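K.L.:
First the structure, which I've put down as structure tokens, then a few questions once you've had a look.
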Amino acid sequence: MEQLKAYQEANKQRYLDELLDLLRIPSVSADSKFEADVIQTAEFIKEKLIEAGADNVEICETAGYPIVYGDKIIDPNLPTVCVYGHYDVQPADPIELWESGPFDPVIKKTDIHPDGAIFARGACDDKGQMYMHVKAFESMMANNALPCNIKFMIEGEEEIGSPSLGPFIRANADKFACDVILVSDTGMIANDVPSICTGLRGLSYVEVEVVGPNRDLHSGIYGGAVGNPANVLAKMIASLHDENGHITVEGFYDDVETVSDEEREAMNKAPFSLEVYKEHLDIDAVQGEKGYTTLERGSIRPTLDVNGIWSGYIGEGAKTVLPSKANAKISMRLVPNQDSETITRLFKEHFEKIAPDSVKVTVTPHHGGEPVVTPTTGIAYQAADKAYQATFGTAAIPQRSGGSIPIVAMFEEVLGVKTILMGFGLNSDAIHSPNEHYGLFNYYKGIETIPYFYQYFTEMSAQ
Ligand code: BES
Ligand code: MN
Ligand code: MN
């Protein structure tokens with residue numbers, strides 16, 4: 001491991017330069033304008049896997065963007081780790097809020113990242129975190145230090161719900177046969193408080209449309225006499241939570257797992273300051289479901305939130321108009337044992353039921369995904385924990401996250417394999433937001449920690 005560290009140290013600048021090149025390609029999967037760039041990013045990963053020493057590297061075509069595959073099988077009797085990550089990124093909008101170009105990475109120091117952080121879309125989610133694995137692999141190959149078999153599965157559609165990956169792994173289950181899936185696409189508590197993500201929420205995402213009169217109307221002639229879709233939608237949305245912050249959709253909580261008092265107690269012992277949390281977000285107070293702490297609201301409880309809402313005149317000045325329709329996009333984050341299809345159906349039924357006769361309502365489902373909890377017992381967790389101890393000097397804290405990576409539940413269902421989530425991002429890294437960044441400390445620490453995981457996982461598998 002000393003030799004490996006020296007090699008990584010000597011190649012630091014190149015590791016950074018390569019990531020910066022990767023970040024310059026605007027691989028936005030949601031916007032077809034970037035199609036050629038997304039494909040070019042897959043090519044980039046392919047080349048880097050080959051350079052690092054992977055075999056069987058290929059760009060696997062799918063109905064959507066390709067999956068980059070590569071492997072190194074040193075001995076079929078040794079365990080196999082499959083690394084999953086994504087090379088696509090979220091759209092950069094709103095562009096005007098970026099202090100530097102989203103695809104023109106710059107390094108700046110921040111309070112939280114005194115050694116500097118890379119500012120670019122995808123720096124943390126997930127190009128920076130995914131690329132740590134390519135470089136960790138390269139350093140092991142260069143030093144004859146790979147202890148087990150490795151497979152890489154890097155997709156380009158995570159940010160749009162992984163529509164092609166599910167069918168691809170179902171059709172190619174043998175190709176991805178492995179003992180554990182390793183993912184760096186989540187966060188940790190702080191740079192001196194490593195944590196292992198032990199759960200992800202599921203997702204039900206719907207779009208609603210409320211239609212009133214067949215055209216926009218003069219708000220003086222018709223106002224007060226005709227149902228205004230914008231008013232109606234606002235009222236309907238407001239009614240989706242009661243005064244205690246509970247979601248009012250019938251049956252919404254029926255399958256929600258009750259987390260034991262012991263587990264809740266342990267969860268709330270994690271280092272967390274509500275004051276610092278509020279300060280970072282510039283808010284005077286938090287809000288959420290009554291009876292739960294902020295940490296619980298953001299991980300073990302389901303949610304319902306408007307993600308976008310639009311209607312009527314939003315141009316300059318005043319236009320006295322009563323809009324003909326109003327729309328909203330709504331996400332529901334789900335916890336074990338909720339099922340995304342059931343929740344989507346319950347939402348649709350409820351939303352149609354509460355609509356007044358003055359409007360017509362349609363609910364269109366988008367992509368969804370199932371929640372997961374990953375084990376804190378077993379060798380993958382233990383190996384990850386030991387790896388953090390080796391490089392951070394302190395044990396990792398298990399913590400469930402509020403975000404979603406729908407494919408994780410599918411790996412378990414289709415491949416029968418558990419996932420270990422070794423994320424190195426921070427909540428303050430602004431993923432999906434303007435000025436997304438990733439600490440240089442985090443990037444290098446990830447590259448340093450990953451080989452220890454392989455080492456310990458291989459040792460423990462043999463016992
Ligand atoms: N990497 C994130 C998920 C994440 C971030 C999990 C931080 C835990 C901590 C992933 O790329 C993502 O953004 N997922 C989407 C869902 C997807 C279906 C678009 C999400 O959570 O909104
Ligand atoms: Mn991600
Ligand atoms: Mn994301």
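Lettering and numbering for the structure tokens are positional, with chains as A, B, ... in the shown order, residues counted from 1 in each chain, and ligands counted from 1 in the shown order.
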Which residues, written as a list in words, have at least one atom at most 9 Å from Leu274 in chain A, with only C-alpha atoms counted and residues fewer than 4 positions away on the same chain left out?
P.N.:
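Contacts, in chain order: Lys278, Glu279, Val286 and Thr294 of chain A.
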K.L.:
Write out as a PyMOL selection string all residues of range 150-377 of chain A that backbone DSSP assigns to helix (DSSP H, G or I).
P.N.:
chain A and resi 158-160+165-171+229-238+261-267+274-281+294-297+340-354
K.L.:
Write as a ChimeraX atom specification the residues around ligand 1, taking 8 Å as the cut-off and counting only C-alpha atoms and all ligand atoms.
P.N.:
/A:86,89-90,125-126,158-162,185-187,197,200-201,203,367-369,401-406,423,425,427,431-432
K.L.:
Go ahead and save the residues from that selection, with C-alpha atoms, as a PDB file, in the first residue's frame.
P.N.:
```pdb
ATOM      1  CA  HIS A  86     -22.646   7.302 -14.251  1.00  0.00           C
ATOM      2  CA  VAL A  89     -24.883  14.861 -15.635  1.00  0.00           C
ATOM      3  CA  GLN A  90     -27.870  17.043 -14.811  1.00  0.00           C
ATOM      4  CA  ASP A 125     -22.260  13.823  -9.228  1.00  0.00           C
ATOM      5  CA  ASP A 126     -20.903  11.622 -10.585  1.00  0.00           C
ATOM      6  CA  GLU A 158     -28.754   7.795 -14.424  1.00  0.00           C
ATOM      7  CA  GLU A 159     -29.993  11.365 -14.273  1.00  0.00           C
ATOM      8  CA  ILE A 160     -33.001  10.475 -16.413  1.00  0.00           C
ATOM      9  CA  GLY A 161     -33.963   7.382 -14.427  1.00  0.00           C
ATOM     10  CA  SER A 162     -31.712   4.688 -15.981  1.00  0.00           C
ATOM     11  CA  ASP A 185     -22.466   8.343  -5.959  1.00  0.00           C
ATOM     12  CA  THR A 186     -23.597   9.417  -2.491  1.00  0.00           C
ATOM     13  CA  GLY A 187     -22.166  11.579   0.252  1.00  0.00           C
ATOM     14  CA  CYS A 197     -24.542   5.326   3.021  1.00  0.00           C
ATOM     15  CA  LEU A 200     -31.561   5.350  -0.416  1.00  0.00           C
ATOM     16  CA  ARG A 201     -35.106   6.545  -0.877  1.00  0.00           C
ATOM     17  CA  LEU A 203     -39.003   7.849  -6.109  1.00  0.00           C
ATOM     18  CA  HIS A 367     -39.711   7.501 -14.009  1.00  0.00           C
ATOM     19  CA  GLY A 368     -39.712   5.959 -10.578  1.00  0.00           C
ATOM     20  CA  GLY A 369     -37.582   3.717  -8.431  1.00  0.00           C
ATOM     21  CA  SER A 401     -29.519   9.103   2.621  1.00  0.00           C
ATOM     22  CA  GLY A 402     -32.521  10.899   1.196  1.00  0.00           C
ATOM     23  CA  GLY A 403     -31.488  10.707  -2.455  1.00  0.00           C
ATOM     24  CA  SER A 404     -32.304   7.975  -4.947  1.00  0.00           C
ATOM     25  CA  ILE A 405     -30.282   5.659  -7.165  1.00  0.00           C
ATOM     26  CA  PRO A 406     -33.104   3.455  -8.455  1.00  0.00           C
ATOM     27  CA  GLY A 423     -19.708   8.087  -1.333  1.00  0.00           C
ATOM     28  CA  GLY A 425     -19.294  13.955  -1.664  1.00  0.00           C
ATOM     29  CA  ASN A 427     -24.172  17.786   1.065  1.00  0.00           C
ATOM     30  CA  ILE A 431     -25.018  18.676  -6.756  1.00  0.00           C
ATOM     31  CA  HIS A 432     -27.822  19.417  -9.271  1.00  0.00           C
TER      32      HIS A 432
END
```
K.L.:
Write out as a list in words each polymer residue whose atoms come within 10 Å of range 347-353 of chain A, counting only C-alpha atoms; drop sequence neighbours fewer than 2 positions from it.
P.N.:
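Selected residues are Ser204, Val206, Val208, Val210, Met236, Ile237, Leu240, Thr248, Val249, Glu250, Gly251, Phe252, Met332, Glu341, Thr342, Ile343, Thr344, Arg345, Ala355, Pro356, Asp357, Lys360, Val361, Thr362, Val363, Thr364 and Pro365 of chain A.
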K.L.:
What does the distance between CA of Trp310 in chain A and CA of Ala326 in chain A come to in Å, to one decimal place?
P.N.:
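Separating CA of Trp310 in chain A from CA of Ala326 in chain A is a distance of 6.0 Å.
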K.L.:
Could you check which of A:Pro434, A:Pro79, A:Gly166, A:Gly156 is closest to ligand 2, using only C-alpha atoms and all ligand atoms?
P.N.:
A:Gly156
K.L.:
Grab the CA of Lys386 in chain A to CA of Ile196 in chain A distance for me, in Å with one decimal place.
P.N.:
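Going from CA of Lys386 in chain A over to CA of Ile196 in chain A, I get 11.3 Å.
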K.L.:
Name all residues at most 10 Å from Ala117 in chain A (count only C-alpha atoms; drop same-chain ones fewer than 2 positions away) and give them as a PyMOL selection string.
P.N.:
chain A and resi 105-110+112-115+119-120+123-124+429+436-443
K.L.:
Determine the nearest neighbour of Ala396 in chain A from the options A:Gln455, A:Gln8, A:Asn149, A:Thr198, counting only C-alpha atoms.
P.N.:
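Selected residue with least distance to Ala396 in chain A: A:Thr198.
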K.L.:
Between A:Ile74, A:Ile314, A:Ile25, A:Met130, which residue has the minimum interatomic distance to ligand 2, considering only C-alpha atoms and all ligand atoms?
P.N.:
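Ranking A:Ile74, A:Ile314, A:Ile25, A:Met130 by distance to ligand 2, first place goes to A:Met130.
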K.L.:
Which one of A:Pro271, A:Gly245, A:Gly128, A:Gly116 sits closest to Asp88 in chain A if you count only C-alpha atoms?
P.N.:
A:Gly128
K.L.:
Taking 3 positions as the minimum chain separation for residues in the same chain, which residues sit within 10 Å of Glu43 in chain A when counting only C-alpha atoms? Answer as an MDAnalysis selection string.
P.N.:
chainID A and resid 37:40 46:49 58:59 66 68
K.L.:
Running DSSP on the backbone, which parts of range 103-343 of chain A land in strand (DSSP E), as a PyMOL selection string?
P.N.:
chain A and resi 106-108+117-119+149-155+180-183+195-200+202-211+217-218+303-311+321-322+325-334
K.L.:
Tell me which protein, DNA and RNA residues are within 7 Å of range 174-180 of chain A, counting only C-alpha atoms, leaving out same-chain ones fewer than 6 positions away, and put them as a list in words.
P.N.:
Pro79, Thr80, Val81, Cys82, Leu415, Val417, Lys418 and Thr419 of chain A
K.L.:
Record the distance separating CA of Tyr131 in chain A and CA of Ala10 in chain A, expressed in Å with one decimal.
P.N.:
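Between CA of Tyr131 in chain A and CA of Ala10 in chain A the gap is 17.5 Å.
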K.L.:
Within 7 Å of Pro371 in chain A, counting only C-alpha atoms, which residues show up once you throw out same-chain ones fewer than 3 positions away? Write them as a list in words, please.
P.N.:
Leu200, Arg201, Gly202, Leu334, Val335, Pro336 and Ala409 of chain A
K.L.:
Return the single residue from A:Ala285, A:Ala36, A:Ala270, A:Val183 that is closest to ligand 2, with distances computed using only C-alpha atoms and all ligand atoms.
P.N.:
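Of A:Ala285, A:Ala36, A:Ala270, A:Val183, the one nearest ligand 2 is A:Val183, counting only C-alpha atoms and all ligand atoms.
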K.L.:
Of the candidates A:Gln3, A:Ser184, A:Asn77, A:Thr449, which one gets nearest to ligand 3 if we count only C-alpha atoms and all ligand atoms?
P.N.:
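Looking at the shortest contact to ligand 3, the residue is A:Ser184.
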